[in-house]
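To keep things clear, I will list the structure first and then write my remarks on it.
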Amino acid sequence: MKKNYDAVIVGGGMAGLTLACLLGRGDVAVVCLDQTASHNTQNDLRTTAISYGSRQILEKAGIWQNLRSPACPIEKIDILDGDSPVLLDFLSVEAAGKSFGWIVENADLRAAMMKILKSCKAVVHVAPAKVKDFRAGDKNISTVLEDGAAFTSALVIGADGRHSFTREWMDVPVREWNYNQRAIICTAIHEHPHHHVAVEHFWPQGPFAILPMADDAQGRHRSAVVF
């Protein structure tokens, strides 16, 4: 494995892997440092809502075309505010028939990303890899891992989440506060089809959402619930 790259991406989550795929397809020499050791994401039951703009990025990276199961479009959104009897409807037919977004399983997204990375000769995916330090020079910066390995690049990209070591090392200030809330997230299997309808109910205590998912391998209807 070589030690000099055009860019080092710190973080192997959705953002880091997407960028690695984009740069790799452009033959940019990239190393992606991922803290996650296992590539087995079958136990990840979370979902992600993909907007129209985000889908374009995923298509550009070749990720969207390689999803193992179909993404579920959101074609209607029902919105309620507290105890108000007024229901707001947003229909995709009112937006030139374009879907508002798509619900995709995180495991499918990551699997598609890893498939693209393996086809990109310019990209090296290192996992598990935890960054210990950065050493900045005049033209390059060295990214040092806890195991002593180091990678030199002209650019370092911090995609290592909310507790970003990269951000802390650069002393970038942040504002944060506690909402004093917790969320229950689950996948519900239900008898009747959802007809691609999303429900968003906003309460003073916090939101309640039902997001349509594609049917599972057994043909059962599913929705993602956030409470």
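By order in the structure tokens, chains are A, B, ...; within a chain, residues start at 1; ligands start at 1, following the order shown.
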
Report task. Name the residues of segment 17-63 of chain A that fall into alpha helix (DSSP H) according to DSSP on the backbone, using the chain letters and numbers of this document, as a ChimeraX atom specification. Result -> /A:17-25,52-60

Mind writing the picked residues with C-alpha atoms as a CSV table (one decimal), in the first residue's frame?
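The result, written out as selection_35.csv:
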chain,number,residue,atom,x,y,z
A,17,LEU,CA,-17.9,6.6,1.4
A,18,THR,CA,-20.0,8.7,-1.1
A,19,LEU,CA,-17.2,11.2,-1.5
A,20,ALA,CA,-14.6,8.4,-1.9
A,21,CYS,CA,-16.7,6.8,-4.7
A,22,LEU,CA,-17.1,10.2,-6.5
A,23,LEU,CA,-13.4,10.9,-6.3
A,24,GLY,CA,-12.4,7.4,-7.1
A,25,ARG,CA,-14.5,7.4,-10.3
A,52,TYR,CA,-33.8,14.4,-5.2
A,53,GLY,CA,-30.5,16.3,-5.0
A,54,SER,CA,-28.9,13.6,-3.0
A,55,ARG,CA,-30.1,10.9,-5.4
A,56,GLN,CA,-28.3,12.8,-8.2
A,57,ILE,CA,-25.1,12.7,-6.2
A,58,LEU,CA,-25.5,9.0,-5.6
A,59,GLU,CA,-26.2,8.4,-9.3
A,60,LYS,CA,-23.1,10.3,-10.2

Dump as JSON lines the rows for residues of segment 63-125 of chain A within 10 Å of segment 182-196 of chain A: closest atom pair and distance in Å with one decimal, only C-alpha atoms counted, ordered by chain and rising residue number.
{"residue": "A:Cys72", "atom": "CA", "partner": "A:His196", "partner_atom": "CA", "distance": 7.3}
{"residue": "A:Pro73", "atom": "CA", "partner": "A:His196", "partner_atom": "CA", "distance": 6.2}
{"residue": "A:Ile74", "atom": "CA", "partner": "A:His196", "partner_atom": "CA", "distance": 5.1}
{"residue": "A:Glu75", "atom": "CA", "partner": "A:His196", "partner_atom": "CA", "distance": 5.5}
{"residue": "A:Lys76", "atom": "CA", "partner": "A:His196", "partner_atom": "CA", "distance": 6.5}
{"residue": "A:Ile77", "atom": "CA", "partner": "A:His196", "partner_atom": "CA", "distance": 8.7}
{"residue": "A:Ser99", "atom": "CA", "partner": "A:His196", "partner_atom": "CA", "distance": 9.5}
{"residue": "A:Trp102", "atom": "CA", "partner": "A:His196", "partner_atom": "CA", "distance": 9.5}
{"residue": "A:Ile103", "atom": "CA", "partner": "A:His196", "partner_atom": "CA", "distance": 9.9}

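From atom CA of Ala224 of chain A back to atom CA of His201 of chain A, the distance works out to 14.0 Å.
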
**Report entry** Residues within 12 Å of Gln205 of chain A, only C-alpha atoms, excluding chain neighbours under 6 positions, as an MDAnalysis selection string
**Finding:** chainID A and resid 81:82 179:183 227

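Distance check against Ser51 of chain A using only C-alpha atoms: of A:Asn178, A:Pro173, A:Gly101, A:Pro207, the minimum falls on A:Gly101.
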
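Minimum distance to Arg162 of chain A across A:Ile116, A:Ala149, A:Gly11, A:Phe134 (counting only C-alpha atoms) occurs at A:Gly11.
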
**Report entry** Residues within 10 Å of segment 138-143 of chain A, only C-alpha atoms, excluding chain neighbours under 2 positions, as a ChimeraX atom specification
**Finding:** /A:3-10,33,131-136,145,148-156

Print the selection's residues with N, CA and C atoms to a file, as a compact mmCIF listing (two decimals), in the first residue's frame.
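Writing the result to out.txt gives the following:
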# COMPACT_ATOMS: atom_id res chain seq x y z
N LYS A 3 1.83 5.33 0.40
CA LYS A 3 1.60 6.23 1.53
C LYS A 3 1.26 7.66 1.09
N ASN A 4 1.34 7.96 -0.20
CA ASN A 4 1.07 9.32 -0.68
C ASN A 4 -0.19 9.33 -1.54
N TYR A 5 -1.11 10.23 -1.22
CA TYR A 5 -2.39 10.31 -1.91
C TYR A 5 -2.75 11.76 -2.20
N ASP A 6 -3.70 11.93 -3.12
CA ASP A 6 -4.22 13.27 -3.39
C ASP A 6 -5.05 13.76 -2.20
N ALA A 7 -5.82 12.84 -1.61
CA ALA A 7 -6.69 13.21 -0.49
C ALA A 7 -6.84 12.05 0.48
N VAL A 8 -6.98 12.40 1.75
CA VAL A 8 -7.30 11.43 2.80
C VAL A 8 -8.67 11.78 3.34
N ILE A 9 -9.57 10.81 3.32
CA ILE A 9 -10.90 11.01 3.89
C ILE A 9 -10.95 10.32 5.24
N VAL A 10 -11.16 11.09 6.28
CA VAL A 10 -11.26 10.55 7.63
C VAL A 10 -12.75 10.28 7.90
N LEU A 33 -10.31 6.31 5.49
CA LEU A 33 -10.01 5.71 6.78
C LEU A 33 -11.32 5.50 7.54
N VAL A 131 -7.72 7.61 13.63
CA VAL A 131 -6.71 8.65 13.51
C VAL A 131 -6.26 9.11 14.89
N LYS A 132 -4.95 9.21 15.03
CA LYS A 132 -4.34 9.65 16.30
C LYS A 132 -3.87 11.09 16.24
N ASP A 133 -3.35 11.51 15.06
CA ASP A 133 -2.75 12.84 14.98
C ASP A 133 -2.62 13.27 13.53
N PHE A 134 -2.46 14.58 13.34
CA PHE A 134 -2.12 15.15 12.04
C PHE A 134 -0.81 15.93 12.18
N ARG A 135 0.01 15.86 11.16
CA ARG A 135 1.26 16.62 11.16
C ARG A 135 1.32 17.43 9.87
N ALA A 136 1.15 18.73 10.02
CA ALA A 136 1.04 19.60 8.86
C ALA A 136 2.40 20.10 8.41
N LEU A 145 -2.22 7.17 12.19
CA LEU A 145 -3.18 6.28 12.84
C LEU A 145 -2.64 5.80 14.18
N GLY A 148 0.27 3.47 14.16
CA GLY A 148 1.54 4.01 13.68
C GLY A 148 1.61 4.26 12.20
N ALA A 149 0.69 3.71 11.41
CA ALA A 149 0.68 3.95 9.97
C ALA A 149 0.38 5.42 9.70
N ALA A 150 0.95 5.93 8.61
CA ALA A 150 0.75 7.34 8.26
C ALA A 150 0.52 7.48 6.76
N PHE A 151 -0.32 8.44 6.39
CA PHE A 151 -0.64 8.70 4.99
C PHE A 151 -0.47 10.19 4.72
N THR A 152 0.25 10.51 3.66
CA THR A 152 0.52 11.90 3.30
C THR A 152 -0.38 12.31 2.15
N SER A 153 -0.92 13.53 2.23
CA SER A 153 -1.80 14.02 1.17
C SER A 153 -1.78 15.54 1.15
N ALA A 154 -2.25 16.10 0.03
CA ALA A 154 -2.38 17.55 -0.07
C ALA A 154 -3.67 18.03 0.59
N LEU A 155 -4.61 17.11 0.78
CA LEU A 155 -5.92 17.48 1.31
C LEU A 155 -6.40 16.43 2.30
N VAL A 156 -6.93 16.88 3.43
CA VAL A 156 -7.58 16.00 4.41
C VAL A 156 -9.04 16.41 4.52

Requested in this report: Would you please give, as number ranges by chain, all residues of segment 6-222 of chain A that DSSP assigns to strand (DSSP E or B) based on the backbone?
Outcome: A: 6-10, 30-33, 47-50, 72-74, 76-81, 88-91, 101-105, 123-126, 131-136, 141-145, 150-158, 185-190, 197-203, 206-213, 221-222

Query - Proximity to Val226 of chain A - best of A:Val199, A:Asp108, A:Ala214, A:Trp177, only C-alpha atoms - result: A:Val199

Query raised in the report: Which is closest to Ile50 of chain A among A:Glu105, A:Glu176, A:Asp171, A:Glu146, if we use only C-alpha atoms?
Result: A:Glu105

Requested in this report: Name the residues in contact with segment 125-129 of chain A at a cut-off of 7 Å, using only C-alpha atoms, excluding same-chain residues fewer than 2 positions from it; report them as a PyMOL selection string.
Outcome: chain A and resi 31-37+123+131+145

Using only all heavy atoms, please write the residues we just selected to a file, as a PDB file, in the first residue's frame.
ATOM      1  N   VAL A  31      -7.395   7.732  -0.017  1.00  0.00           N
ATOM      2  CA  VAL A  31      -7.475   6.695   0.996  1.00  0.00           C
ATOM      3  C   VAL A  31      -8.602   7.076   1.948  1.00  0.00           C
ATOM      4  O   VAL A  31      -8.688   8.224   2.393  1.00  0.00           O
ATOM      5  CB  VAL A  31      -6.145   6.519   1.765  1.00  0.00           C
ATOM      6  CG1 VAL A  31      -5.716   7.791   2.464  1.00  0.00           C
ATOM      7  CG2 VAL A  31      -6.268   5.379   2.775  1.00  0.00           C
ATOM      8  N   CYS A  32      -9.511   6.132   2.197  1.00  0.00           N
ATOM      9  CA  CYS A  32     -10.644   6.365   3.095  1.00  0.00           C
ATOM     10  C   CYS A  32     -10.392   5.591   4.380  1.00  0.00           C
ATOM     11  O   CYS A  32     -10.272   4.356   4.366  1.00  0.00           O
ATOM     12  CB  CYS A  32     -11.941   5.912   2.439  1.00  0.00           C
ATOM     13  SG  CYS A  32     -13.418   6.155   3.462  1.00  0.00           S
ATOM     14  N   LEU A  33     -10.305   6.311   5.488  1.00  0.00           N
ATOM     15  CA  LEU A  33     -10.013   5.713   6.782  1.00  0.00           C
ATOM     16  C   LEU A  33     -11.316   5.497   7.539  1.00  0.00           C
ATOM     17  O   LEU A  33     -12.003   6.439   7.921  1.00  0.00           O
ATOM     18  CB  LEU A  33      -9.069   6.623   7.579  1.00  0.00           C
ATOM     19  CG  LEU A  33      -7.760   6.986   6.858  1.00  0.00           C
ATOM     20  CD1 LEU A  33      -6.955   7.981   7.693  1.00  0.00           C
ATOM     21  CD2 LEU A  33      -6.941   5.736   6.567  1.00  0.00           C
ATOM     22  N   ASP A  34     -11.642   4.237   7.760  1.00  0.00           N
ATOM     23  CA  ASP A  34     -12.940   3.843   8.302  1.00  0.00           C
ATOM     24  C   ASP A  34     -12.745   3.173   9.660  1.00  0.00           C
ATOM     25  O   ASP A  34     -11.991   2.205   9.772  1.00  0.00           O
ATOM     26  CB  ASP A  34     -13.607   2.883   7.318  1.00  0.00           C
ATOM     27  CG  ASP A  34     -15.057   2.586   7.648  1.00  0.00           C
ATOM     28  OD1 ASP A  34     -15.504   2.924   8.755  1.00  0.00           O
ATOM     29  OD2 ASP A  34     -15.732   2.012   6.783  1.00  0.00           O
ATOM     30  N   GLN A  35     -13.426   3.669  10.684  1.00  0.00           N
ATOM     31  CA  GLN A  35     -13.306   3.062  12.016  1.00  0.00           C
ATOM     32  C   GLN A  35     -14.039   1.731  12.096  1.00  0.00           C
ATOM     33  O   GLN A  35     -13.763   0.922  12.977  1.00  0.00           O
ATOM     34  CB  GLN A  35     -13.861   4.010  13.082  1.00  0.00           C
ATOM     35  CG  GLN A  35     -13.013   5.235  13.337  1.00  0.00           C
ATOM     36  CD  GLN A  35     -13.422   5.939  14.615  1.00  0.00           C
ATOM     37  OE1 GLN A  35     -13.368   5.378  15.700  1.00  0.00           O
ATOM     38  NE2 GLN A  35     -13.842   7.189  14.486  1.00  0.00           N
ATOM     39  N   THR A  36     -14.997   1.481  11.198  1.00  0.00           N
ATOM     40  CA  THR A  36     -15.794   0.267  11.240  1.00  0.00           C
ATOM     41  C   THR A  36     -15.010  -0.904  10.670  1.00  0.00           C
ATOM     42  O   THR A  36     -14.571  -0.867   9.523  1.00  0.00           O
ATOM     43  CB  THR A  36     -17.103   0.447  10.444  1.00  0.00           C
ATOM     44  OG1 THR A  36     -17.810   1.570  10.968  1.00  0.00           O
ATOM     45  CG2 THR A  36     -17.965  -0.796  10.546  1.00  0.00           C
ATOM     46  N   ALA A  37     -14.844  -1.940  11.465  1.00  0.00           N
ATOM     47  CA  ALA A  37     -14.042  -3.083  11.021  1.00  0.00           C
ATOM     48  C   ALA A  37     -14.827  -4.012  10.116  1.00  0.00           C
ATOM     49  O   ALA A  37     -14.311  -4.535   9.137  1.00  0.00           O
ATOM     50  CB  ALA A  37     -13.527  -3.857  12.237  1.00  0.00           C
ATOM     51  N   VAL A 123      -8.775   4.189  -5.224  1.00  0.00           N
ATOM     52  CA  VAL A 123      -9.229   4.325  -3.839  1.00  0.00           C
ATOM     53  C   VAL A 123      -8.752   3.148  -2.999  1.00  0.00           C
ATOM     54  O   VAL A 123      -8.847   1.996  -3.422  1.00  0.00           O
ATOM     55  CB  VAL A 123     -10.768   4.424  -3.764  1.00  0.00           C
ATOM     56  CG1 VAL A 123     -11.225   4.517  -2.305  1.00  0.00           C
ATOM     57  CG2 VAL A 123     -11.259   5.628  -4.542  1.00  0.00           C
ATOM     58  N   VAL A 131      -7.723   7.608  13.631  1.00  0.00           N
ATOM     59  CA  VAL A 131      -6.706   8.653  13.511  1.00  0.00           C
ATOM     60  C   VAL A 131      -6.257   9.110  14.886  1.00  0.00           C
ATOM     61  O   VAL A 131      -7.073   9.374  15.782  1.00  0.00           O
ATOM     62  CB  VAL A 131      -7.258   9.845  12.698  1.00  0.00           C
ATOM     63  CG1 VAL A 131      -6.233  10.966  12.643  1.00  0.00           C
ATOM     64  CG2 VAL A 131      -7.622   9.401  11.294  1.00  0.00           C
ATOM     65  N   LEU A 145      -2.221   7.167  12.187  1.00  0.00           N
ATOM     66  CA  LEU A 145      -3.179   6.282  12.839  1.00  0.00           C
ATOM     67  C   LEU A 145      -2.644   5.795  14.178  1.00  0.00           C
ATOM     68  O   LEU A 145      -1.458   5.916  14.470  1.00  0.00           O
ATOM     69  CB  LEU A 145      -3.484   5.081  11.937  1.00  0.00           C
ATOM     70  CG  LEU A 145      -3.969   5.375  10.527  1.00  0.00           C
ATOM     71  CD1 LEU A 145      -4.345   4.082   9.820  1.00  0.00           C
ATOM     72  CD2 LEU A 145      -5.139   6.347  10.532  1.00  0.00           C
TER      73      LEU A 145
END

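Among the candidate residues A:Gly161, A:Pro212, A:Gly206, A:Gly219, the one lying nearest to Gly13 of chain A is A:Gly161, with distances computed using only C-alpha atoms.
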
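Going from atom CA of Phe165 of chain A to atom CA of Val104 of chain A covers 28.4 Å.
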
Requested in this report: Find the distance between atom CA of Cys120 of chain A and atom CA of Ala107 of chain A and write it in Å to one decimal.
Outcome: 20.3 Å

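Nearest residue to Thr47 of chain A, choosing from A:Ile63, A:Phe100, A:His163, A:Met14 and counting only C-alpha atoms: A:Met14.
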